[in-house]
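Student: So here's my_file_13.cif, just mmCIF, C-alpha atoms:
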```cif
data_protein
#
loop_
_atom_site.label_atom_id
_atom_site.label_comp_id
_atom_site.auth_asym_id
_atom_site.auth_seq_id
_atom_site.Cartn_x
_atom_site.Cartn_y
_atom_site.Cartn_z
CA MET Q 26 13.94 -5.70 -26.04
CA ALA Q 27 13.21 -9.12 -24.72
CA VAL Q 28 10.38 -9.59 -22.30
CA SER Q 29 10.93 -11.82 -19.33
CA SER Q 30 8.45 -13.44 -17.03
CA SER Q 31 6.76 -11.33 -14.35
CA ALA Q 32 8.65 -10.61 -11.17
CA GLY Q 33 5.61 -11.78 -9.26
CA ASP Q 34 5.96 -15.51 -9.46
CA ASP Q 35 8.52 -18.24 -9.81
CA GLY Q 36 10.21 -18.13 -6.45
CA LEU Q 37 10.89 -14.41 -6.38
CA ARG Q 38 8.56 -13.85 -3.46
CA PRO Q 39 10.55 -13.76 -0.23
CA PRO Q 40 9.38 -15.44 2.95
CA PRO Q 41 6.84 -13.36 4.87
CA GLN Q 42 8.03 -10.40 6.92
CA GLN Q 43 11.17 -10.01 4.85
CA CYS Q 44 11.24 -6.78 2.89
CA PRO Q 45 11.66 -7.64 -0.80
CA ILE Q 46 13.75 -4.51 -1.33
CA CYS Q 47 16.37 -4.58 1.42
CA LEU Q 48 15.92 -8.32 2.13
CA GLN Q 49 16.04 -7.60 5.87
CA SER Q 50 13.12 -8.14 8.22
CA ILE Q 51 10.56 -5.41 7.70
CA LYS Q 52 11.03 -2.19 9.67
CA GLN Q 53 8.02 0.14 9.96
CA GLU Q 54 5.80 -2.03 7.84
CA ALA Q 55 4.10 -0.30 4.95
CA TYR Q 56 1.92 -1.76 2.25
CA LEU Q 57 0.58 -0.75 -1.11
CA ASP Q 58 -3.12 0.10 -1.24
CA ARG Q 59 -4.22 -2.24 -4.02
CA CYS Q 60 -2.10 -5.39 -3.87
CA PHE Q 61 -1.26 -5.25 -0.12
CA HIS Q 62 2.36 -6.32 -0.60
CA SER Q 63 4.46 -5.27 2.40
CA PHE Q 64 7.79 -3.46 2.53
CA CYS Q 65 9.80 -1.34 4.95
CA HIS Q 66 8.29 2.12 4.80
CA GLN Q 67 11.64 3.63 3.97
CA CYS Q 68 12.39 1.10 1.21
CA ILE Q 69 9.13 1.50 -0.68
CA ALA Q 70 9.04 5.28 -0.18
CA GLN Q 71 12.54 5.51 -1.61
CA TRP Q 72 11.53 3.41 -4.61
CA VAL Q 73 8.46 5.59 -5.26
CA GLN Q 74 10.62 8.70 -5.04
CA TYR Q 75 13.23 7.20 -7.34
CA VAL Q 76 10.69 6.20 -10.00
CA GLY Q 77 9.06 9.62 -9.65
CA ASN Q 78 12.34 11.43 -10.25
CA LYS Q 79 13.12 9.26 -13.25
CA ASN Q 80 9.83 10.05 -14.98
CA SER Q 81 9.51 13.54 -16.32
CA GLU Q 82 5.73 13.82 -16.10
CA SER Q 83 4.18 13.40 -12.67
CA MET Q 84 2.95 9.89 -11.94
CA THR Q 85 -0.29 8.96 -10.29
CA SER Q 86 0.51 5.34 -9.54
CA ILE Q 87 3.40 3.05 -8.74
CA LYS Q 88 3.83 -0.52 -9.95
CA CYS Q 89 4.35 -2.97 -7.11
CA PRO Q 90 7.95 -4.23 -7.21
CA LEU Q 91 6.61 -7.75 -6.66
CA CYS Q 92 3.48 -8.08 -8.75
CA LYS Q 93 3.42 -4.97 -10.98
CA THR Q 94 -0.07 -4.01 -9.82
CA ASP Q 95 -0.69 -0.27 -10.11
CA ASN Q 96 -1.05 1.28 -6.68
CA LEU Q 97 -2.08 4.80 -5.72
CA SER Q 98 -0.62 5.07 -2.25
CA ILE Q 99 1.51 3.62 0.51
CA VAL Q 100 -0.24 2.86 3.77
CA TYR Q 101 1.94 2.89 6.88
CA GLY Q 102 2.05 3.65 10.58
CA PHE Q 103 -1.01 1.53 11.29
CA ASN Q 104 -1.72 0.40 14.83
CA GLY Q 105 -5.39 -0.56 14.80
CA GLN Q 106 -6.39 3.00 15.63
CA ASN Q 107 -4.80 5.15 12.96
CA PHE Q 108 -2.87 4.81 9.80
CA GLN Q 109 -1.10 7.17 7.50
CA ARG Q 110 -1.22 7.26 3.79
CA GLN Q 111 1.22 8.66 1.32
CA TYR Q 112 -0.07 9.14 -2.20
CA VAL Q 113 2.22 8.62 -5.17
CA ASN Q 114 0.75 11.81 -6.54
CA PRO Q 115 0.36 14.30 -3.67
CA LYS Q 116 -2.37 16.11 -5.60
CA LEU Q 117 -4.63 13.09 -5.19
CA GLU Q 118 -4.55 13.54 -1.46
CA GLN Q 119 -5.86 17.08 -1.67
CA ARG Q 120 -8.49 16.18 -4.20
CA SER Q 121 -10.12 13.49 -2.11
CA PHE Q 122 -11.10 15.29 1.06
CA SER Q 123 -11.81 18.75 2.37
CA ASP Q 124 -10.24 20.72 5.20
CA ALA Q 125 -13.24 19.76 7.29
CA HIS Q 126 -12.28 16.11 6.96
CA GLU Q 127 -8.80 16.86 8.11
CA PHE Q 128 -10.16 18.95 10.96
CA ARG Q 129 -12.42 16.09 12.08
CA MET Q 130 -9.56 13.61 11.91
CA LYS Q 131 -7.82 15.52 14.67
CA PHE Q 132 -10.68 14.73 17.04
CA TYR Q 133 -10.33 11.05 16.45
CA ILE Q 134 -6.60 10.96 16.96
CA GLY Q 135 -6.68 12.68 20.37
CA ASP Q 136 -7.74 10.62 23.38
CA LYS Q 137 -10.64 12.84 24.48
CA GLY Q 138 -13.40 14.21 22.31
CA PRO Q 139 -13.79 17.99 22.31
CA THR Q 140 -17.48 17.75 23.13
CA ASP Q 141 -17.25 15.08 25.84
CA GLY Q 142 -19.54 16.21 28.65
CA LEU Q 143 -20.59 19.30 26.76
CA PHE Q 144 -24.15 18.38 25.91
CA HIS Q 145 -26.95 17.07 28.07
CA VAL Q 146 -26.68 13.41 27.21
CA GLU Q 147 -28.89 12.29 30.11
CA GLN Q 148 -31.72 14.62 29.20
CA TYR Q 149 -31.56 13.46 25.63
CA TRP Q 150 -32.35 9.94 26.72
CA LYS Q 151 -34.72 10.81 29.55
CA ARG Q 152 -36.83 13.16 27.50
CA ARG Q 153 -36.66 10.95 24.44
CA LYS Q 154 -35.36 13.77 22.32
CA TYR Q 155 -34.21 11.23 19.77
CA LEU Q 156 -37.81 11.01 18.60
CA GLN Q 157 -37.18 14.20 16.73
CA LYS Q 158 -35.19 13.21 13.67
CA ASN Q 159 -31.97 15.07 13.05
CA PRO Q 160 -32.13 16.00 9.35
CA TRP Q 161 -28.37 16.58 9.15
CA LEU Q 162 -27.38 13.14 10.40
CA GLN Q 163 -26.69 11.66 6.97
CA GLN Q 164 -24.54 14.57 5.86
CA TRP Q 165 -22.59 14.37 9.08
CA LEU Q 166 -22.17 10.59 8.91
CA ILE Q 167 -20.89 10.69 5.34
CA ARG Q 168 -18.16 13.09 6.29
CA GLU Q 169 -17.18 11.23 9.46
CA VAL Q 170 -17.04 7.83 7.81
CA GLN Q 171 -15.07 9.27 4.88
CA THR Q 172 -12.62 10.77 7.33
CA LEU Q 173 -12.16 7.57 9.27
CA SER Q 174 -12.15 5.08 6.42
CA GLN Q 175 -10.14 7.35 4.11
CA ASP Q 176 -12.51 6.22 1.41
CA GLU Q 177 -14.73 8.46 -0.67
CA ASP Q 178 -17.40 5.92 -1.41
CA VAL Q 179 -19.08 5.35 1.95
CA GLU Q 180 -22.73 5.45 0.96
CA VAL Q 181 -23.36 1.83 1.83
CA ILE Q 182 -21.75 2.09 5.26
CA VAL Q 183 -23.67 5.26 6.11
CA HIS Q 184 -26.92 3.72 4.90
CA HIS Q 185 -26.25 0.72 7.13
CA ILE Q 186 -25.52 2.81 10.23
CA ILE Q 187 -28.55 5.04 9.70
CA GLY Q 188 -30.71 1.97 9.17
CA VAL Q 189 -29.65 0.47 12.49
CA ALA Q 190 -30.24 3.78 14.30
CA GLU Q 191 -33.65 4.30 12.71
CA ILE Q 192 -34.86 0.83 13.57
CA PHE Q 193 -33.81 1.42 17.16
CA PHE Q 194 -35.58 4.78 17.36
CA LYS Q 195 -38.71 3.34 15.75
CA ARG Q 196 -38.86 0.67 18.44
CA GLN Q 197 -38.48 3.42 21.03
CA GLN Q 198 -41.31 5.34 19.47
CA ASN Q 199 -43.59 2.35 19.60
CA GLY Q 200 -42.79 2.06 23.28
CA GLU Q 201 -41.58 -1.52 22.89
CA ASN Q 202 -38.50 -0.84 24.96
CA LYS Q 203 -39.24 -0.89 28.68
CA ALA Q 204 -35.64 -0.40 29.79
CA THR Q 205 -34.48 2.63 31.77
CA PRO Q 206 -33.13 5.57 29.78
CA GLU Q 207 -29.58 4.69 30.82
CA GLN Q 208 -30.06 1.10 29.66
CA GLN Q 209 -31.55 2.32 26.42
CA ARG Q 210 -28.54 4.48 25.89
CA ILE Q 211 -26.25 1.49 26.38
CA GLN Q 212 -28.36 -0.60 24.02
CA PHE Q 213 -28.15 2.12 21.40
CA ARG Q 214 -24.40 2.45 21.73
CA THR Q 215 -23.88 -1.31 21.55
CA LEU Q 216 -26.06 -1.68 18.47
CA LEU Q 217 -24.35 1.18 16.67
CA SER Q 218 -20.88 -0.02 17.69
CA ASP Q 219 -21.62 -3.42 16.22
CA ALA Q 220 -22.84 -1.78 13.02
CA ALA Q 221 -19.83 0.50 12.63
CA ARG Q 222 -17.00 -1.69 13.89
CA PRO Q 223 -16.44 -3.74 10.71
CA PHE Q 224 -15.71 -0.50 8.88
CA LEU Q 225 -14.13 1.72 11.48
CA ALA Q 226 -12.24 -0.84 13.59
CA GLY Q 227 -10.20 0.93 16.26
CA TYR Q 228 -12.02 4.22 15.76
CA THR Q 229 -15.41 2.74 16.61
CA GLU Q 230 -15.69 3.80 20.24
CA ARG Q 231 -14.68 7.38 19.56
CA PHE Q 232 -16.99 7.44 16.59
CA ILE Q 233 -19.94 6.36 18.75
CA ASN Q 234 -19.07 9.08 21.27
CA GLU Q 235 -19.02 11.67 18.53
CA LEU Q 236 -22.21 10.33 16.97
CA GLU Q 237 -24.01 10.58 20.29
CA SER Q 238 -22.63 14.05 20.89
CA PHE Q 239 -23.83 15.14 17.49
CA LEU Q 240 -27.31 13.71 18.00
CA VAL Q 241 -27.60 15.12 21.50
CA SER Q 242 -26.41 18.53 20.35
CA GLY Q 243 -29.27 18.82 17.90
CA LEU Q 244 -27.06 21.06 15.81
CA ASN Q 245 -26.47 21.03 12.10
CA VAL Q 246 -23.05 20.10 10.77
CA GLU Q 247 -21.64 23.63 10.51
CA ALA Q 248 -22.85 24.61 13.98
CA TYR Q 249 -21.55 21.42 15.52
CA ASP Q 250 -18.15 22.06 13.96
CA LYS Q 251 -18.23 25.56 15.33
CA VAL Q 252 -18.86 24.31 18.85
CA CYS Q 253 -16.02 21.80 18.50
CA MET Q 254 -13.70 24.48 17.20
CA GLN Q 255 -14.69 26.71 20.09
CA GLN Q 256 -13.93 23.96 22.59
CA ILE Q 257 -10.52 23.47 21.07
CA SER Q 258 -9.62 27.15 21.09
CA GLU Q 259 -10.83 27.69 24.68
CA PRO Q 260 -10.37 24.35 26.38
CA SER Q 261 -10.51 26.00 29.82
CA SER Q 262 -14.18 26.94 29.50
CA SER Q 263 -15.29 23.35 29.50
CA GLY Q 264 -18.52 24.12 31.36
CA SER Q 265 -21.63 22.41 30.11
CA LEU Q 266 -23.38 24.22 27.29
CA ASP Q 267 -26.64 25.54 28.68
CA SER Q 268 -29.34 24.52 26.30
CA SER Q 269 -31.60 27.51 27.02
CA SER Q 270 -28.90 30.10 26.39
CA PRO Q 271 -26.34 28.96 23.83
CA CYS Q 272 -22.99 30.59 24.42
CA ASP Q 273 -22.77 31.80 20.86
CA GLU Q 274 -25.58 33.95 19.58
CA THR Q 275 -24.93 32.92 15.99
CA LEU Q 276 -25.69 29.34 16.87
CA GLN Q 277 -29.25 29.98 17.95
CA HIS Q 278 -30.93 29.63 14.60
CA VAL Q 279 -29.40 26.25 13.94
CA TYR Q 280 -30.66 24.51 17.05
CA LEU Q 281 -33.48 22.10 16.64
CA PRO Q 282 -36.63 23.31 18.41
CA TYR Q 283 -36.39 20.63 21.09
CA PHE Q 284 -33.75 22.72 22.72
CA ASP Q 285 -36.58 24.89 23.93
CA GLU Q 286 -37.42 23.82 27.43
CA ASP Q 287 -41.15 23.90 26.89
CA ILE Q 288 -41.18 20.93 24.56
CA GLU Q 289 -41.89 17.86 26.63
CA ILE Q 290 -42.67 14.43 25.41
CA ASP Q 291 -44.91 12.32 27.53
CA LYS Q 292 -43.51 9.05 28.69
CA MET E 24 25.78 3.32 -0.69
CA GLN E 25 25.29 1.82 2.76
CA ALA E 26 21.93 0.38 1.74
CA SER E 27 23.35 -1.27 -1.37
CA ARG E 28 26.22 -2.74 0.61
CA ALA E 29 23.86 -4.14 3.24
CA ARG E 30 21.59 -5.60 0.60
CA LEU E 31 24.50 -7.19 -1.32
CA PHE E 32 25.87 -8.63 1.90
CA LYS E 33 22.46 -10.16 2.56
CA GLU E 34 22.44 -11.63 -0.95
CA TYR E 35 25.96 -12.96 -0.38
CA LYS E 36 24.85 -14.75 2.78
CA GLU E 37 21.82 -16.11 0.96
CA VAL E 38 24.02 -17.43 -1.85
CA GLN E 39 26.31 -19.14 0.67
CA ARG E 40 23.38 -20.64 2.53
CA GLU E 41 21.60 -21.90 -0.57
CA LYS E 42 24.65 -23.22 -2.33
CA GLY E 43 23.64 -26.01 -4.69
CA VAL E 44 19.88 -25.36 -4.35
CA ASP E 45 19.88 -24.19 -7.95
CA PRO E 46 22.49 -26.35 -9.71
CA ASP E 47 22.31 -24.23 -12.87
CA ILE E 48 23.61 -21.06 -11.23
CA GLN E 49 26.80 -20.34 -9.34
CA LEU E 50 27.26 -16.79 -8.11
CA ILE E 51 30.68 -15.67 -6.99
CA CYS E 52 31.42 -12.38 -5.28
CA ASP E 53 34.74 -10.67 -5.94
CA ASP E 54 37.13 -11.21 -3.00
CA SER E 55 37.80 -7.53 -2.47
CA ASN E 56 34.79 -5.73 -3.94
CA ILE E 57 31.20 -6.58 -3.10
CA PHE E 58 30.03 -4.53 -6.11
CA LYS E 59 31.69 -6.95 -8.55
CA TRP E 60 30.27 -10.40 -9.03
CA THR E 61 30.58 -13.14 -11.60
CA ALA E 62 28.20 -15.97 -12.28
CA LEU E 63 28.45 -19.30 -14.05
CA ILE E 64 25.23 -20.47 -15.61
CA LYS E 65 24.48 -23.73 -17.38
CA GLY E 66 23.05 -23.55 -20.87
CA PRO E 67 19.43 -24.74 -20.61
CA SER E 68 18.56 -28.17 -21.96
CA GLU E 69 16.93 -28.56 -25.36
CA THR E 70 18.63 -25.39 -26.57
CA PRO E 71 21.78 -25.00 -28.64
CA TYR E 72 23.46 -23.83 -25.42
CA GLU E 73 22.96 -27.16 -23.63
CA GLY E 74 26.14 -28.51 -22.11
CA GLY E 75 27.83 -25.13 -22.16
CA VAL E 76 28.82 -23.11 -19.14
CA PHE E 77 28.53 -19.37 -19.59
CA GLN E 78 30.23 -16.74 -17.49
CA LEU E 79 28.44 -13.50 -16.62
CA ALA E 80 29.98 -10.34 -15.18
CA PHE E 81 27.94 -8.17 -12.81
CA ALA E 82 28.83 -4.55 -12.12
CA ILE E 83 26.53 -3.29 -9.40
CA PRO E 84 25.78 0.44 -9.14
CA GLU E 85 25.90 2.23 -5.81
CA GLN E 86 22.15 2.91 -6.00
CA TYR E 87 21.40 -0.81 -6.20
CA PRO E 88 18.68 -2.06 -5.80
CA LEU E 89 17.03 1.13 -7.06
CA LEU E 90 19.10 0.66 -10.21
CA PRO E 91 19.60 -2.72 -11.88
CA PRO E 92 23.01 -4.41 -12.00
CA GLN E 93 24.88 -4.16 -15.28
CA VAL E 94 25.27 -7.68 -16.58
CA ARG E 95 27.13 -8.96 -19.60
CA PHE E 96 28.27 -12.28 -20.97
CA LEU E 97 32.02 -12.86 -20.66
CA THR E 98 31.65 -16.11 -22.60
CA LYS E 99 31.00 -15.66 -26.30
CA ILE E 100 27.43 -16.56 -27.19
CA PHE E 101 25.40 -16.48 -30.40
CA HIS E 102 22.00 -15.21 -29.30
CA PRO E 103 19.70 -12.53 -30.79
CA ASN E 104 19.55 -10.54 -27.56
CA VAL E 105 23.23 -10.63 -26.65
CA HIS E 106 25.79 -8.38 -28.33
CA PHE E 107 28.27 -10.66 -30.02
CA LYS E 108 31.32 -8.51 -29.28
CA THR E 109 30.58 -6.90 -25.91
CA GLY E 110 28.31 -9.52 -24.36
CA GLU E 111 25.73 -6.81 -23.54
CA ILE E 112 22.28 -8.27 -22.82
CA CYS E 113 18.98 -6.83 -24.00
CA LEU E 114 16.50 -7.78 -21.33
CA ASP E 115 13.65 -5.61 -20.08
CA ILE E 116 14.18 -6.35 -16.41
CA LEU E 117 17.74 -5.06 -16.67
CA LYS E 118 16.41 -1.78 -18.07
CA ASN E 119 12.89 -0.27 -17.83
CA ALA E 120 11.18 -3.18 -16.17
CA TRP E 121 13.69 -3.43 -13.34
CA SER E 122 12.22 -3.81 -9.90
CA PRO E 123 14.17 -3.76 -6.63
CA ALA E 124 12.59 -7.09 -5.76
CA TRP E 125 14.88 -8.81 -8.28
CA THR E 126 18.08 -10.29 -6.89
CA LEU E 127 21.31 -11.33 -8.57
CA GLN E 128 20.10 -14.90 -8.31
CA SER E 129 16.75 -14.14 -9.94
CA VAL E 130 18.45 -12.07 -12.64
CA CYS E 131 20.51 -15.17 -13.50
CA ARG E 132 17.30 -17.17 -13.77
CA ALA E 133 15.84 -14.51 -16.07
CA ILE E 134 18.92 -14.72 -18.29
CA ILE E 135 18.63 -18.50 -18.47
CA ALA E 136 14.98 -18.03 -19.46
CA LEU E 137 16.09 -15.59 -22.15
CA MET E 138 18.51 -18.18 -23.52
CA SER E 139 15.61 -20.61 -23.90
CA HIS E 140 13.31 -18.00 -25.39
CA PRO E 141 15.16 -15.58 -27.66
CA GLU E 142 13.30 -12.46 -28.77
CA PRO E 143 14.39 -11.92 -32.38
CA ASP E 144 12.31 -8.76 -32.71
CA SER E 145 14.62 -6.74 -30.47
CA PRO E 146 18.02 -8.02 -31.57
CA LEU E 147 21.42 -6.90 -30.40
CA ASN E 148 22.91 -9.58 -32.63
CA CYS E 149 21.28 -8.91 -36.01
CA ASP E 150 22.71 -11.97 -37.74
CA SER E 151 21.19 -14.20 -35.14
CA GLY E 152 17.95 -12.23 -35.08
CA ASN E 153 17.61 -12.29 -38.86
CA LEU E 154 18.07 -16.05 -39.00
CA LEU E 155 15.18 -16.52 -36.57
CA ARG E 156 13.00 -13.86 -38.13
CA SER E 157 13.40 -15.37 -41.58
CA GLY E 158 12.37 -18.71 -40.11
CA ASP E 159 15.78 -20.34 -40.45
CA VAL E 160 15.65 -22.00 -37.04
CA ARG E 161 18.07 -24.65 -38.21
CA GLY E 162 20.63 -22.04 -39.25
CA TYR E 163 20.31 -20.23 -35.93
CA ARG E 164 20.61 -23.45 -33.97
CA SER E 165 23.71 -24.65 -35.76
CA MET E 166 25.48 -21.30 -35.39
CA ALA E 167 24.56 -21.08 -31.72
CA ARG E 168 25.64 -24.69 -31.22
CA MET E 169 28.97 -24.07 -32.89
CA TYR E 170 29.78 -21.09 -30.65
CA THR E 171 28.67 -23.01 -27.57
CA LYS E 172 31.12 -25.77 -28.48
CA LEU E 173 33.86 -23.30 -29.27
CA ALA E 174 33.51 -20.99 -26.30
CA ALA E 175 31.39 -22.53 -23.56
CA MET E 176 32.49 -26.14 -23.39
CA PRO E 177 35.67 -27.50 -21.85
CA LYS E 178 38.21 -28.33 -24.55
CA LYS E 179 38.70 -32.05 -24.97
CA GLY E 180 41.73 -33.21 -23.06
CA ALA E 181 42.33 -29.85 -21.42
CA GLU E 182 41.68 -29.30 -17.72
CA SER E 183 38.45 -27.38 -17.41
CA SER E 184 38.40 -24.21 -15.45
CA HIS E 185 34.62 -24.00 -15.58
CA THR E 186 33.13 -26.61 -13.40
CA LEU E 187 29.77 -26.52 -11.79
#
```
Since I need it in another form, could you write the structure as C-alpha cells?
Tutor:
Amino acid sequence: MAVSSSAGDDGLRPPPQQCPICLQSIKQEAYLDRCFHSFCHQCIAQWVQYVGNKNSESMTSIKCPLCKTDNLSIVYGFNGQNFQRQYVNPKLEQRSFSDAHEFRMKFYIGDKGPTDGLFHVEQYWKRRKYLQKNPWLQQWLIREVQTLSQDEDVEVIVHHIIGVAEIFFKRQQNGENKATPEQQRIQFRTLLSDAARPFLAGYTERFINELESFLVSGLNVEAYDKVCMQQISEPSSSGSLDSSSPCDETLQHVYLPYFDEDIEIDK
Amino acid sequence: MQASRARLFKEYKEVQREKGVDPDIQLICDDSNIFKWTALIKGPSETPYEGGVFQLAFAIPEQYPLLPPQVRFLTKIFHPNVHFKTGEICLDILKNAWSPAWTLQSVCRAIIALMSHPEPDSPLNCDSGNLLRSGDVRGYRSMARMYTKLAAMPKKGAESSHTL
C-alpha cells in the first residue's frame, strides 16, 4: 500500500474555527488533550466512536484527524470554570481518580461551598490559630488540586501553594505583620489566590474558600469530608458548628487540640 | 446521511468558490446525485504522465466523512498502485489511514502525489511494479508514457473532450 504525505500539512488545515470534519463553523467546541486541535464535540466524538467500533480490541488513544498525534481524551464544555473530559478508553477515567475526587468536584461546580459560614473563620485569624500547623494540609491539597486540574501529577503545584502559605505563616509567627486580623486574612487570601490561579484558573476563588475552610476547621481530610457530606445531606441545619461541642461524636478525636477553648495564644 | 450530505454540499460550495485556485484539479459533482463526483487531474510534470488528463470517479458512502470515498481511475493508466483493468487505487489514506479531515480536493492532491511517487512494493499492477523493483526505470517510464499518450491525451486532430 502506498504511503502518502501526512494529513497535517500542505494546505489541509482549514481556517480557524471551522471544524475539519463537518467543515462548518465549530459548534460546542471540543479539543484533543495532546495536540489541542479543535472540532465540534459531536463530530470528534462520532469519529472516536466510529474508530472504536471498527477496532476489535479496545483502544486507549485516538489519532488526531489533522496531525495524527495520539490523544487520550476529548476536552469539551469549557467555560473558564469547568470543563468535561471524555476518555477514548472509559477505563482510564476510573483509573485516574477516586470517588472522593468526584465527590469534591461537586463542591466546586455548585455556587456555594457546603462549609461556607460553618467554621469560626474570625476566631481563626484573631487567635492566630494558624500558628498550629495542620499536618493534613498536603494530603488535602494534593486531592483538591488533582480534582480541579484533572491531572494526577500535581506535586509541584501543591509544593508551590504550601510554600507560599508557610512563608506567610512564618512572617505571622515572627510578628512582622502589624495588620489587623481581617487585613491579614485578606492578605493571605490574595497571596494564595495569586499562587493558585495559574493552575486553577476559574476555580481559584472557590478553592481559596475551601482551603480556608479546611484550615479553619482543623480537621483531618476524612473528618472534613464527613462534615461536608453532613452539610449536604442536611442543608437545613446550617447553624455554625460549635467548636466546643462538635455535632458528631465520632469527629472529636480528629480535631486539632486548638479547638479546646483553653488554648490561647498571646498577641 | 444528513451529515454527509451537508458536508458534501459544503465541499461543493468550496469547489465553486475556489475554481481555478488549483489548476491541476477539476472536481465535478453529478447533476442529480451529490454522492457521485468525477475529477479531472493533470499528470504531474517530470513524470511519464505529464501532459495527460486523467479522469477519476468518486463514489461517496453515506457515512462519509467517517468512511473514505471510493475512488478509481476511469482513464487507463500504467502505474504500480493502480489496477490496470478496474482503475482501483492502492493508497493508504483511502483505506486504513483515512481521516475525516481529508476532502475530495485533498484526496485528488494525494493521488497526484502518488502519480509522482509510485510505491512499487505494494503493487496493484504487478507488471509495472516489477519493472520498478527490478530497477528498469526506463522500461516503466516508456510503458507509462505510451499509455498516457494512448489514453490520457487528446487525439491529434480530434476535438478534445478533456479540457482543463
Student: Could you check which residues have any atom within 8 Å of (27.5, -9.7, -12.8), counting only C-alpha atoms with coordinates taken straight from the file, and then list them as a PyMOL selection string?
Tutor: chain E and resi 59-62+79-83+92-95+127
Student: May I ask you to extract the residues of chain E within 8 Å of chain Q, using all atoms listed in the file, and to give them as a ChimeraX atom specification?
Tutor: /E:26,29-30,33-34,88-89,104,113-116,122-125,129,133,136-137,141-142,144-146
Student: Quick one, how far is CA of Gln25 (chain E) from CA of Gln43 (chain Q)?
Tutor: 18.5 Å
Student: Just to confirm, what's the straight-line distance from CA of Asn202 (chain Q) to CA of Leu240 (chain Q) in Å (one decimal)?
Tutor: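 Computing the Euclidean distance for CA of Asn202 (chain Q) and CA of Leu240 (chain Q) yields 19.6 Å.
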Student: I'd like the contact shell of His102 (chain E) - 12 Å cut-off, all atoms listed in the file, skipping same-chain residues fewer than 5 positions apart - returned as a ChimeraX atom specification.
Tutor: /Q:27 /E:66,70-72,96,107-108,110-113,134-135,137-143,145-155,163-171
Student: Kindly give the distance, in Å, that separates CA of Pro115 (chain Q) and CA of Lys79 (chain Q), rounded to a single decimal.
Tutor: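 Between CA of Pro115 (chain Q) and CA of Lys79 (chain Q) the gap is 16.7 Å.
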Student: What would the selection look like, as a list in words, if the PyMOL selection byres ((chain Q and resi 159-163) around 10) were run on the coordinates I just shared?
Tutor: Lys154, Tyr155, Leu156, Gln157, Lys158, Gln164, Trp165, Leu166, Ile167, Arg168, Glu169, Glu180, Val183, His184, Ile186, Ile187, Leu236, Phe239, Leu240, Val241, Ser242, Gly243, Leu244, Asn245, Val246, Glu247 and Leu281 of chain Q
Student: Based on the selection just made, write C-alpha atoms of those residues as a PDB file, in the frame of the given file.
Tutor:
```pdb
ATOM      1  CA  LYS Q 154     -35.360  13.770  22.320  1.00  0.00           C
ATOM      2  CA  TYR Q 155     -34.210  11.230  19.770  1.00  0.00           C
ATOM      3  CA  LEU Q 156     -37.810  11.010  18.600  1.00  0.00           C
ATOM      4  CA  GLN Q 157     -37.180  14.200  16.730  1.00  0.00           C
ATOM      5  CA  LYS Q 158     -35.190  13.210  13.670  1.00  0.00           C
ATOM      6  CA  GLN Q 164     -24.540  14.570   5.860  1.00  0.00           C
ATOM      7  CA  TRP Q 165     -22.590  14.370   9.080  1.00  0.00           C
ATOM      8  CA  LEU Q 166     -22.170  10.590   8.910  1.00  0.00           C
ATOM      9  CA  ILE Q 167     -20.890  10.690   5.340  1.00  0.00           C
ATOM     10  CA  ARG Q 168     -18.160  13.090   6.290  1.00  0.00           C
ATOM     11  CA  GLU Q 169     -17.180  11.230   9.460  1.00  0.00           C
ATOM     12  CA  GLU Q 180     -22.730   5.450   0.960  1.00  0.00           C
ATOM     13  CA  VAL Q 183     -23.670   5.260   6.110  1.00  0.00           C
ATOM     14  CA  HIS Q 184     -26.920   3.720   4.900  1.00  0.00           C
ATOM     15  CA  ILE Q 186     -25.520   2.810  10.230  1.00  0.00           C
ATOM     16  CA  ILE Q 187     -28.550   5.040   9.700  1.00  0.00           C
ATOM     17  CA  LEU Q 236     -22.210  10.330  16.970  1.00  0.00           C
ATOM     18  CA  PHE Q 239     -23.830  15.140  17.490  1.00  0.00           C
ATOM     19  CA  LEU Q 240     -27.310  13.710  18.000  1.00  0.00           C
ATOM     20  CA  VAL Q 241     -27.600  15.120  21.500  1.00  0.00           C
ATOM     21  CA  SER Q 242     -26.410  18.530  20.350  1.00  0.00           C
ATOM     22  CA  GLY Q 243     -29.270  18.820  17.900  1.00  0.00           C
ATOM     23  CA  LEU Q 244     -27.060  21.060  15.810  1.00  0.00           C
ATOM     24  CA  ASN Q 245     -26.470  21.030  12.100  1.00  0.00           C
ATOM     25  CA  VAL Q 246     -23.050  20.100  10.770  1.00  0.00           C
ATOM     26  CA  GLU Q 247     -21.640  23.630  10.510  1.00  0.00           C
ATOM     27  CA  LEU Q 281     -33.480  22.100  16.640  1.00  0.00           C
TER      28      LEU Q 281
END
```
Student: List the residues selected by the PyMOL selection byres ((chain Q and resi 219) around 12) in the file shown, writing them as an mmCIF file with C-alpha atoms, keeping the file's coordinate frame.
Tutor:
```cif
data_model
loop_
_atom_site.group_PDB
_atom_site.id
_atom_site.type_symbol
_atom_site.label_atom_id
_atom_site.label_comp_id
_atom_site.auth_asym_id
_atom_site.auth_seq_id
_atom_site.Cartn_x
_atom_site.Cartn_y
_atom_site.Cartn_z
ATOM 1 C CA HIS Q 185 -26.250 0.720 7.130
ATOM 2 C CA ILE Q 186 -25.520 2.810 10.230
ATOM 3 C CA VAL Q 189 -29.650 0.470 12.490
ATOM 4 C CA ALA Q 190 -30.240 3.780 14.300
ATOM 5 C CA GLN Q 212 -28.360 -0.600 24.020
ATOM 6 C CA PHE Q 213 -28.150 2.120 21.400
ATOM 7 C CA ARG Q 214 -24.400 2.450 21.730
ATOM 8 C CA THR Q 215 -23.880 -1.310 21.550
ATOM 9 C CA LEU Q 216 -26.060 -1.680 18.470
ATOM 10 C CA LEU Q 217 -24.350 1.180 16.670
ATOM 11 C CA SER Q 218 -20.880 -0.020 17.690
ATOM 12 C CA ALA Q 220 -22.840 -1.780 13.020
ATOM 13 C CA ALA Q 221 -19.830 0.500 12.630
ATOM 14 C CA ARG Q 222 -17.000 -1.690 13.890
ATOM 15 C CA PRO Q 223 -16.440 -3.740 10.710
ATOM 16 C CA PHE Q 224 -15.710 -0.500 8.880
ATOM 17 C CA LEU Q 225 -14.130 1.720 11.480
ATOM 18 C CA ALA Q 226 -12.240 -0.840 13.590
ATOM 19 C CA THR Q 229 -15.410 2.740 16.610
ATOM 20 C CA GLU Q 230 -15.690 3.800 20.240
ATOM 21 C CA PHE Q 232 -16.990 7.440 16.590
ATOM 22 C CA ILE Q 233 -19.940 6.360 18.750
#
```
